[in-house]
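Content type PDB, C-alpha atoms, pLDDT in the B column, from the file start_16.pdb:
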ATOM      1  CA  MET A   1     -25.515   6.299  -4.170  1.00 54.00           C
ATOM      2  CA  SER A   2     -22.804   6.411  -1.514  1.00 67.00           C
ATOM      3  CA  GLU A   3     -20.517   9.327  -0.673  1.00 77.00           C
ATOM      4  CA  GLN A   4     -17.621   9.842  -3.104  1.00 88.00           C
ATOM      5  CA  THR A   5     -14.455   8.133  -1.872  1.00 91.00           C
ATOM      6  CA  GLN A   6     -11.254  10.060  -2.588  1.00 91.00           C
ATOM      7  CA  ILE A   7      -8.131   8.409  -4.023  1.00 94.00           C
ATOM      8  CA  SER A   8      -5.174   9.077  -1.744  1.00 93.00           C
ATOM      9  CA  GLN A   9      -2.523   6.913  -3.381  1.00 95.00           C
ATOM     10  CA  ILE A  10      -1.624   4.764  -6.362  1.00 98.00           C
ATOM     11  CA  GLY A  11       0.635   1.769  -5.615  1.00 98.00           C
ATOM     12  CA  VAL A  12       3.020  -0.053  -7.947  1.00 98.00           C
ATOM     13  CA  VAL A  13       4.951  -3.224  -7.066  1.00 98.00           C
ATOM     14  CA  CYS A  14       8.486  -3.767  -8.295  1.00 98.00           C
ATOM     15  CA  ARG A  15      11.404  -6.124  -7.839  1.00 98.00           C
ATOM     16  CA  ASP A  16      14.099  -3.420  -7.610  1.00 98.00           C
ATOM     17  CA  LEU A  17      12.972  -0.253  -5.841  1.00 98.00           C
ATOM     18  CA  ASP A  18      16.086   1.794  -6.661  1.00 98.00           C
ATOM     19  CA  LYS A  19      15.960   0.964 -10.369  1.00 98.00           C
ATOM     20  CA  THR A  20      12.226   1.731 -10.529  1.00 98.00           C
ATOM     21  CA  MET A  21      12.572   4.999  -8.571  1.00 98.00           C
ATOM     22  CA  LYS A  22      15.303   6.108 -10.965  1.00 98.00           C
ATOM     23  CA  ALA A  23      13.137   5.299 -13.997  1.00 98.00           C
ATOM     24  CA  TYR A  24      10.176   7.345 -12.694  1.00 98.00           C
ATOM     25  CA  THR A  25      12.502  10.211 -11.785  1.00 98.00           C
ATOM     26  CA  ASP A  26      14.348  10.156 -15.131  1.00 98.00           C
ATOM     27  CA  LEU A  27      11.295   9.681 -17.355  1.00 98.00           C
ATOM     28  CA  LEU A  28       8.596  11.639 -15.490  1.00 98.00           C
ATOM     29  CA  GLY A  29      10.582  13.997 -13.265  1.00 98.00           C
ATOM     30  CA  TRP A  30       8.918  12.607 -10.123  1.00 98.00           C
ATOM     31  CA  GLY A  31      10.563  13.043  -6.761  1.00 97.00           C
ATOM     32  CA  PRO A  32      11.992  13.539  -4.301  1.00 98.00           C
ATOM     33  CA  TRP A  33      11.139  10.119  -2.900  1.00 98.00           C
ATOM     34  CA  ASN A  34      10.936   9.170   0.779  1.00 96.00           C
ATOM     35  CA  VAL A  35      12.090   5.582   1.257  1.00 97.00           C
ATOM     36  CA  TYR A  36      10.779   3.482   4.153  1.00 96.00           C
ATOM     37  CA  ASP A  37      11.770   0.021   5.353  1.00 96.00           C
ATOM     38  CA  HIS A  38       8.630  -1.510   6.840  1.00 96.00           C
ATOM     39  CA  VAL A  39      10.069  -4.251   9.040  1.00 96.00           C
ATOM     40  CA  GLU A  40       9.513  -5.537  12.583  1.00 96.00           C
ATOM     41  CA  PRO A  41       9.101  -4.155  15.171  1.00 95.00           C
ATOM     42  CA  SER A  42       7.570  -1.040  13.551  1.00 94.00           C
ATOM     43  CA  LEU A  43       5.603  -3.294  11.153  1.00 96.00           C
ATOM     44  CA  HIS A  44       3.409  -5.500  13.343  1.00 97.00           C
ATOM     45  CA  HIS A  45       0.100  -7.398  13.597  1.00 97.00           C
ATOM     46  CA  THR A  46       0.515  -8.532   9.985  1.00 98.00           C
ATOM     47  CA  HIS A  47      -1.850 -10.992   8.337  1.00 98.00           C
ATOM     48  CA  LEU A  48      -2.357 -12.567   4.924  1.00 98.00           C
ATOM     49  CA  HIS A  49      -5.588 -14.228   3.703  1.00 97.00           C
ATOM     50  CA  GLY A  50      -7.008 -14.413   7.226  1.00 96.00           C
ATOM     51  CA  GLU A  51      -3.929 -15.925   8.864  1.00 97.00           C
ATOM     52  CA  GLU A  52      -1.120 -14.329  10.861  1.00 97.00           C
ATOM     53  CA  SER A  53       1.839 -13.843   8.534  1.00 96.00           C
ATOM     54  CA  LYS A  54       5.213 -12.156   8.944  1.00 97.00           C
ATOM     55  CA  PHE A  55       6.360 -10.108   5.973  1.00 98.00           C
ATOM     56  CA  SER A  56       8.306  -6.945   5.231  1.00 98.00           C
ATOM     57  CA  MET A  57       8.619  -4.457   2.411  1.00 98.00           C
ATOM     58  CA  ARG A  58      10.560  -1.421   1.246  1.00 98.00           C
ATOM     59  CA  CYS A  59       8.438   1.457  -0.034  1.00 97.00           C
ATOM     60  CA  ALA A  60       9.129   4.786  -1.677  1.00 97.00           C
ATOM     61  CA  GLU A  61       6.601   7.596  -1.847  1.00 96.00           C
ATOM     62  CA  THR A  62       6.457  10.877  -3.713  1.00 97.00           C
ATOM     63  CA  MET A  63       3.720  13.412  -4.230  1.00 96.00           C
ATOM     64  CA  VAL A  64       2.486  13.892  -7.789  1.00 97.00           C
ATOM     65  CA  GLY A  65       0.243  16.918  -7.522  1.00 95.00           C
ATOM     66  CA  ASP A  66      -2.126  16.165  -4.637  1.00 92.00           C
ATOM     67  CA  MET A  67      -1.767  12.394  -4.896  1.00 94.00           C
ATOM     68  CA  CYS A  68       0.785  10.097  -3.324  1.00 95.00           C
ATOM     69  CA  PHE A  69       2.503   7.645  -5.669  1.00 97.00           C
ATOM     70  CA  GLU A  70       4.048   4.605  -3.987  1.00 97.00           C
ATOM     71  CA  LEU A  71       6.526   1.975  -5.124  1.00 98.00           C
ATOM     72  CA  ILE A  72       6.651  -1.280  -3.121  1.00 98.00           C
ATOM     73  CA  GLN A  73       9.369  -3.930  -3.149  1.00 98.00           C
ATOM     74  CA  PRO A  74       8.570  -7.014  -1.060  1.00 98.00           C
ATOM     75  CA  LEU A  75      11.489  -8.082   1.124  1.00 98.00           C
ATOM     76  CA  GLU A  76      10.604 -11.180   3.159  1.00 97.00           C
ATOM     77  CA  GLY A  77       7.686 -13.457   3.909  1.00 97.00           C
ATOM     78  CA  ASP A  78       4.491 -14.299   2.082  1.00 97.00           C
ATOM     79  CA  ASN A  79       2.527 -11.231   0.978  1.00 98.00           C
ATOM     80  CA  ILE A  80       0.210 -10.012  -1.779  1.00 98.00           C
ATOM     81  CA  TYR A  81       3.012  -8.010  -3.413  1.00 98.00           C
ATOM     82  CA  SER A  82       5.059 -11.155  -4.095  1.00 98.00           C
ATOM     83  CA  GLU A  83       1.901 -12.975  -5.204  1.00 97.00           C
ATOM     84  CA  TRP A  84       1.182 -10.149  -7.665  1.00 97.00           C
ATOM     85  CA  LEU A  85       4.754 -10.125  -9.006  1.00 98.00           C
ATOM     86  CA  GLU A  86       4.597 -13.888  -9.531  1.00 98.00           C
ATOM     87  CA  GLU A  87       1.234 -13.773 -11.324  1.00 97.00           C
ATOM     88  CA  HIS A  88       1.288 -10.412 -13.138  1.00 97.00           C
ATOM     89  CA  GLY A  89       4.833  -9.031 -12.969  1.00 98.00           C
ATOM     90  CA  GLU A  90       5.785  -5.489 -12.057  1.00 98.00           C
ATOM     91  CA  GLY A  91       3.340  -2.607 -12.374  1.00 97.00           C
ATOM     92  CA  PHE A  92       0.104  -1.151 -11.037  1.00 97.00           C
ATOM     93  CA  HIS A  93      -1.007  -2.986  -7.900  1.00 97.00           C
ATOM     94  CA  HIS A  94      -3.592  -0.967  -5.978  1.00 98.00           C
ATOM     95  CA  MET A  95      -5.441   2.250  -5.413  1.00 97.00           C
ATOM     96  CA  ALA A  96      -5.565   3.513  -1.832  1.00 96.00           C
ATOM     97  CA  VAL A  97      -8.473   5.332  -0.229  1.00 96.00           C
ATOM     98  CA  MET A  98      -7.079   6.021   3.228  1.00 94.00           C
ATOM     99  CA  LYS A  99      -9.401   7.312   5.928  1.00 94.00           C
ATOM    100  CA  HIS A 100      -8.794  10.009   8.546  1.00 89.00           C
ATOM    101  CA  THR A 101     -10.042   8.194  11.646  1.00 91.00           C
ATOM    102  CA  PRO A 102     -10.207   4.588  12.845  1.00 92.00           C
ATOM    103  CA  GLU A 103     -14.007   4.893  12.913  1.00 94.00           C
ATOM    104  CA  GLU A 104     -14.125   5.933   9.232  1.00 94.00           C
ATOM    105  CA  SER A 105     -11.735   3.115   8.355  1.00 95.00           C
ATOM    106  CA  ASP A 106     -13.775   0.517  10.248  1.00 95.00           C
ATOM    107  CA  ALA A 107     -17.017   1.722   8.626  1.00 95.00           C
ATOM    108  CA  PHE A 108     -15.435   1.555   5.149  1.00 96.00           C
ATOM    109  CA  LYS A 109     -14.045  -1.930   5.850  1.00 96.00           C
ATOM    110  CA  LYS A 110     -17.439  -3.181   7.035  1.00 96.00           C
ATOM    111  CA  ARG A 111     -19.278  -1.678   4.062  1.00 95.00           C
ATOM    112  CA  MET A 112     -16.820  -3.226   1.599  1.00 96.00           C
ATOM    113  CA  GLN A 113     -16.971  -6.617   3.354  1.00 96.00           C
ATOM    114  CA  ASP A 114     -20.787  -6.444   3.287  1.00 96.00           C
ATOM    115  CA  GLU A 115     -20.447  -6.003  -0.504  1.00 95.00           C
ATOM    116  CA  GLY A 116     -18.289  -9.145  -0.727  1.00 96.00           C
ATOM    117  CA  ALA A 117     -14.761  -7.690  -0.623  1.00 97.00           C
ATOM    118  CA  LYS A 118     -12.506  -9.942   1.435  1.00 97.00           C
ATOM    119  CA  ILE A 119      -9.476  -8.632   3.315  1.00 98.00           C
ATOM    120  CA  MET A 120      -6.417  -9.965   1.516  1.00 98.00           C
ATOM    121  CA  MET A 121      -3.650  -8.612   3.748  1.00 98.00           C
ATOM    122  CA  GLY A 122      -3.040  -6.010   6.416  1.00 98.00           C
ATOM    123  CA  GLY A 123      -1.143  -4.889   9.445  1.00 97.00           C
ATOM    124  CA  ARG A 124       0.000  -1.921  11.458  1.00 96.00           C
ATOM    125  CA  ILE A 125       2.973   0.419  11.151  1.00 94.00           C
ATOM    126  CA  GLY A 126       4.033   2.189  14.304  1.00 90.00           C
ATOM    127  CA  GLU A 127       1.299   3.416  16.610  1.00 87.00           C
ATOM    128  CA  THR A 128      -0.857   5.364  14.148  1.00 86.00           C
ATOM    129  CA  ILE A 129      -1.081   3.432  10.882  1.00 92.00           C
ATOM    130  CA  GLU A 130      -3.401   0.546  10.083  1.00 95.00           C
ATOM    131  CA  PHE A 131      -3.488  -0.716   6.501  1.00 96.00           C
ATOM    132  CA  TYR A 132      -5.520  -3.395   4.769  1.00 98.00           C
ATOM    133  CA  TYR A 133      -6.035  -4.506   1.197  1.00 98.00           C
ATOM    134  CA  LEU A 134      -9.484  -5.483  -0.043  1.00 98.00           C
ATOM    135  CA  ASP A 135     -10.117  -7.893  -2.873  1.00 97.00           C
ATOM    136  CA  THR A 136     -12.385  -5.642  -4.917  1.00 96.00           C
ATOM    137  CA  GLN A 137     -11.290  -7.211  -8.199  1.00 94.00           C
ATOM    138  CA  PRO A 138     -14.642  -8.985  -8.721  1.00 94.00           C
ATOM    139  CA  MET A 139     -16.484  -5.642  -8.518  1.00 95.00           C
ATOM    140  CA  LEU A 140     -13.966  -2.940  -9.463  1.00 96.00           C
ATOM    141  CA  LYS A 141     -11.266  -4.954 -11.314  1.00 95.00           C
ATOM    142  CA  ILE A 142      -8.584  -3.577  -8.954  1.00 96.00           C
ATOM    143  CA  ILE A 143      -7.281  -4.028  -5.402  1.00 98.00           C
ATOM    144  CA  VAL A 144      -8.257  -1.260  -2.965  1.00 98.00           C
ATOM    145  CA  GLU A 145      -6.119  -0.394   0.053  1.00 97.00           C
ATOM    146  CA  SER A 146      -7.503   1.498   3.023  1.00 97.00           C
ATOM    147  CA  GLY A 147      -6.868   2.090   6.690  1.00 96.00           C
ATOM    148  CA  THR A 148      -5.807   5.068   8.763  1.00 93.00           C
ATOM    149  CA  GLY A 149      -2.669   7.149   8.902  1.00 75.00           C
ATOM    150  CA  HIS A 150      -0.071   7.841   6.245  1.00 64.00           C
ATOM    151  CA  ALA A 151       3.631   7.080   5.859  1.00 61.00           C
ATOM    152  CA  ILE A 152       4.148  10.840   5.839  1.00 59.00           C
ATOM    153  CA  ASP A 153       3.891  10.502   9.651  1.00 66.00           C
ATOM    154  CA  LEU A 154       7.032   8.282   9.611  1.00 84.00           C
ATOM    155  CA  LYS A 155      10.703   9.159   9.282  1.00 90.00           C
ATOM    156  CA  PRO A 156      12.189   7.884   6.017  1.00 95.00           C
ATOM    157  CA  VAL A 157      15.385   5.803   6.071  1.00 96.00           C
ATOM    158  CA  ARG A 158      16.601   7.909   3.113  1.00 97.00           C
ATOM    159  CA  THR A 159      15.464  10.119   0.271  1.00 97.00           C
ATOM    160  CA  TYR A 160      16.111   9.914  -3.480  1.00 97.00           C
ATOM    161  CA  PRO A 161      17.614  11.697  -5.277  1.00 95.00           C
TER     162      PRO A 161
END

Whole structure, structure tokens version:
Amino acid sequence: MSEQTQISQIGVVCRDLDKTMKAYTDLLGWGPWNVYDHVEPSLHHTHLHGEESKFSMRCAETMVGDMCFELIQPLEGDNIYSEWLEEHGEGFHHMAVMKHTPEESDAFKKRMQDEGAKIMMGGRIGETIEFYYLDTQPMLKIIVESGTGHAIDLKPVRTYP
């Protein structure tokens, strides 16, 4: 049995970030939210299904207890968020298990790939964040995100409310 992997974030995709943020705030009392626009040049080295791909997204994050909850609205380009919206609609998209160091991230990526999980999409944000999404649906019935760094290291474009 391998070492227990901790959940660091739950991710939900949506078409209208502001409307969705308001619903979570009104219904569950979650917030405040930090909103980030992940666009070039801070978003770089992006890839989709093994090919270079330019895309962008707007994200909002809030802490719910010890866990980060993220909303993602795709903005431009081909990406797995838009694919998910097209196929499944809005809602739960992924569970993140972010790692503390590049070495831990690389080891996790290799182990998951050795188990048959293909990298669906990934990229870098700023100097410290690498992210990648693994197709673990055949084994776990979900998408798993991993990488290093956290958006908490970035300056939000705004907060809500």

### Message
For a cutoff of 12 Å around the file-coordinate point (-5.0, 4.7, 13.5), which residues qualify once you count all atoms listed in the file? I'd like the result as a list in words.
### Response
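In the file's frame, the residues around the point are Met98, Lys99, His100, Thr101, Pro102, Glu103, Glu104, Ser105, Asp106, Gly123, Arg124, Ile125, Gly126, Glu127, Thr128, Ile129, Glu130, Phe131, Tyr132, Ser146, Gly147, Thr148, Gly149, His150, Ala151 and Asp153 of chain A.
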
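Residue nearest Ser56 in chain A within the list A:Val35, A:Leu75, A:Leu27, A:Cys68: A:Leu75 [criterion: smallest interatomic distance, all atoms listed in the file].
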
### Message
If we count all atoms listed in the file and set the cut-off at 7 Å, which residues sit around Ile72 in chain A, ignoring sequence neighbours fewer than 2 positions away in its own chain? Please answer as a PyMOL selection string.
### Response
chain A and resi 12-14+17+57-60+70+74

Export of prior selection with C-alpha atoms as a compact mmCIF listing (two decimals), keeping the file's coordinate frame:
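This went into selection-v9.txt:
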# COMPACT_ATOMS: atom_id res chain seq x y z
CA VAL A 12 3.02 -0.05 -7.95
CA VAL A 13 4.95 -3.22 -7.07
CA CYS A 14 8.49 -3.77 -8.30
CA LEU A 17 12.97 -0.25 -5.84
CA MET A 57 8.62 -4.46 2.41
CA ARG A 58 10.56 -1.42 1.25
CA CYS A 59 8.44 1.46 -0.03
CA ALA A 60 9.13 4.79 -1.68
CA GLU A 70 4.05 4.61 -3.99
CA PRO A 74 8.57 -7.01 -1.06

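With only the atoms specified (only C-alpha atoms) counting, those residues at most 10 Å away from (-2.3, -6.8, 8.8) are Leu43, His44, His45, Thr46, His47, Leu48, His49, Gly50, Glu51, Glu52, Ser53, Lys54, Phe55, Ile119, Met120, Met121, Gly122, Gly123, Arg124, Ile125, Glu130, Phe131, Tyr132 and Tyr133 of chain A.
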
Six-sided padding of 3 Å per side, axis-aligned box over range 36-41 of chain A, centre and edges in Å, one decimal, as lines of an AutoDock Vina configuration file:
center_x = 10.2
center_y = -1.0
center_z = 9.7
size_x = 9.1
size_y = 15.0
size_z = 17.0

### Message
Rounded to one decimal, what separation in Å do you get between CA of Gln6 in chain A and CA of Gln73 in chain A?
### Response
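Atom-to-atom, CA of Gln6 in chain A to CA of Gln73 in chain A, that is 24.9 Å.
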
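What separates CA of Phe92 in chain A from CA of Gly11 in chain A is a distance of 6.2 Å.
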
## Note on the structure
CA of Thr136 in chain A to CA of Gly116 in chain A measures 8.0 Å

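Among the candidate residues A:Ser42, A:Gln113, A:Gln4, A:Ser82, the one lying nearest to Leu154 in chain A is A:Ser42, with distances computed using all atoms listed in the file.
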
#### Entry: Exercise: Val64 in chain A partners within 10 Å, all atoms listed in the file, chain neighbours under 4 positions left out, as an MDAnalysis selection string
chainID A and resid 9 29:31 68:69

The PyMOL selection byres ((chain A and resi 156) around 6) applied to the shown file, residues as a short mmCIF file (atom, residue, chain, number, x, y, z; two decimals) with C-alpha atoms, keeping the file's coordinate frame:
data_model
loop_
_atom_site.label_atom_id
_atom_site.label_comp_id
_atom_site.auth_asym_id
_atom_site.auth_seq_id
_atom_site.Cartn_x
_atom_site.Cartn_y
_atom_site.Cartn_z
CA ASN A 34 10.94 9.17 0.78
CA VAL A 35 12.09 5.58 1.26
CA TYR A 36 10.78 3.48 4.15
CA LYS A 155 10.70 9.16 9.28
CA VAL A 157 15.38 5.80 6.07
CA ARG A 158 16.60 7.91 3.11
#

### Task
For each of A:Asp18, A:Glu145, A:Glu90, A:Glu76, take the minimum atom-to-atom distance to Glu40 in chain A, counting all atoms listed in the file, then give the residue where this is smallest.
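Among the listed residues, A:Glu76 lies closest to Glu40 in chain A.
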
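Nearest to Arg15 in chain A of all the residues A:Glu86, A:Asp37, A:Glu115, A:Asp135 is A:Glu86, counting all atoms listed in the file.
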
Run the PyMOL selection byres ((chain A and resi 8) around 6) on the file and write out the hits as a PDB file with C-alpha atoms, in the coordinates of the input.
ATOM      1  CA  ILE A   7      -8.131   8.409  -4.023  1.00 94.00           C
ATOM      2  CA  GLN A   9      -2.523   6.913  -3.381  1.00 95.00           C
ATOM      3  CA  MET A  67      -1.767  12.394  -4.896  1.00 94.00           C
ATOM      4  CA  ALA A  96      -5.565   3.513  -1.832  1.00 96.00           C
ATOM      5  CA  VAL A  97      -8.473   5.332  -0.229  1.00 96.00           C
TER       6      VAL A  97
END
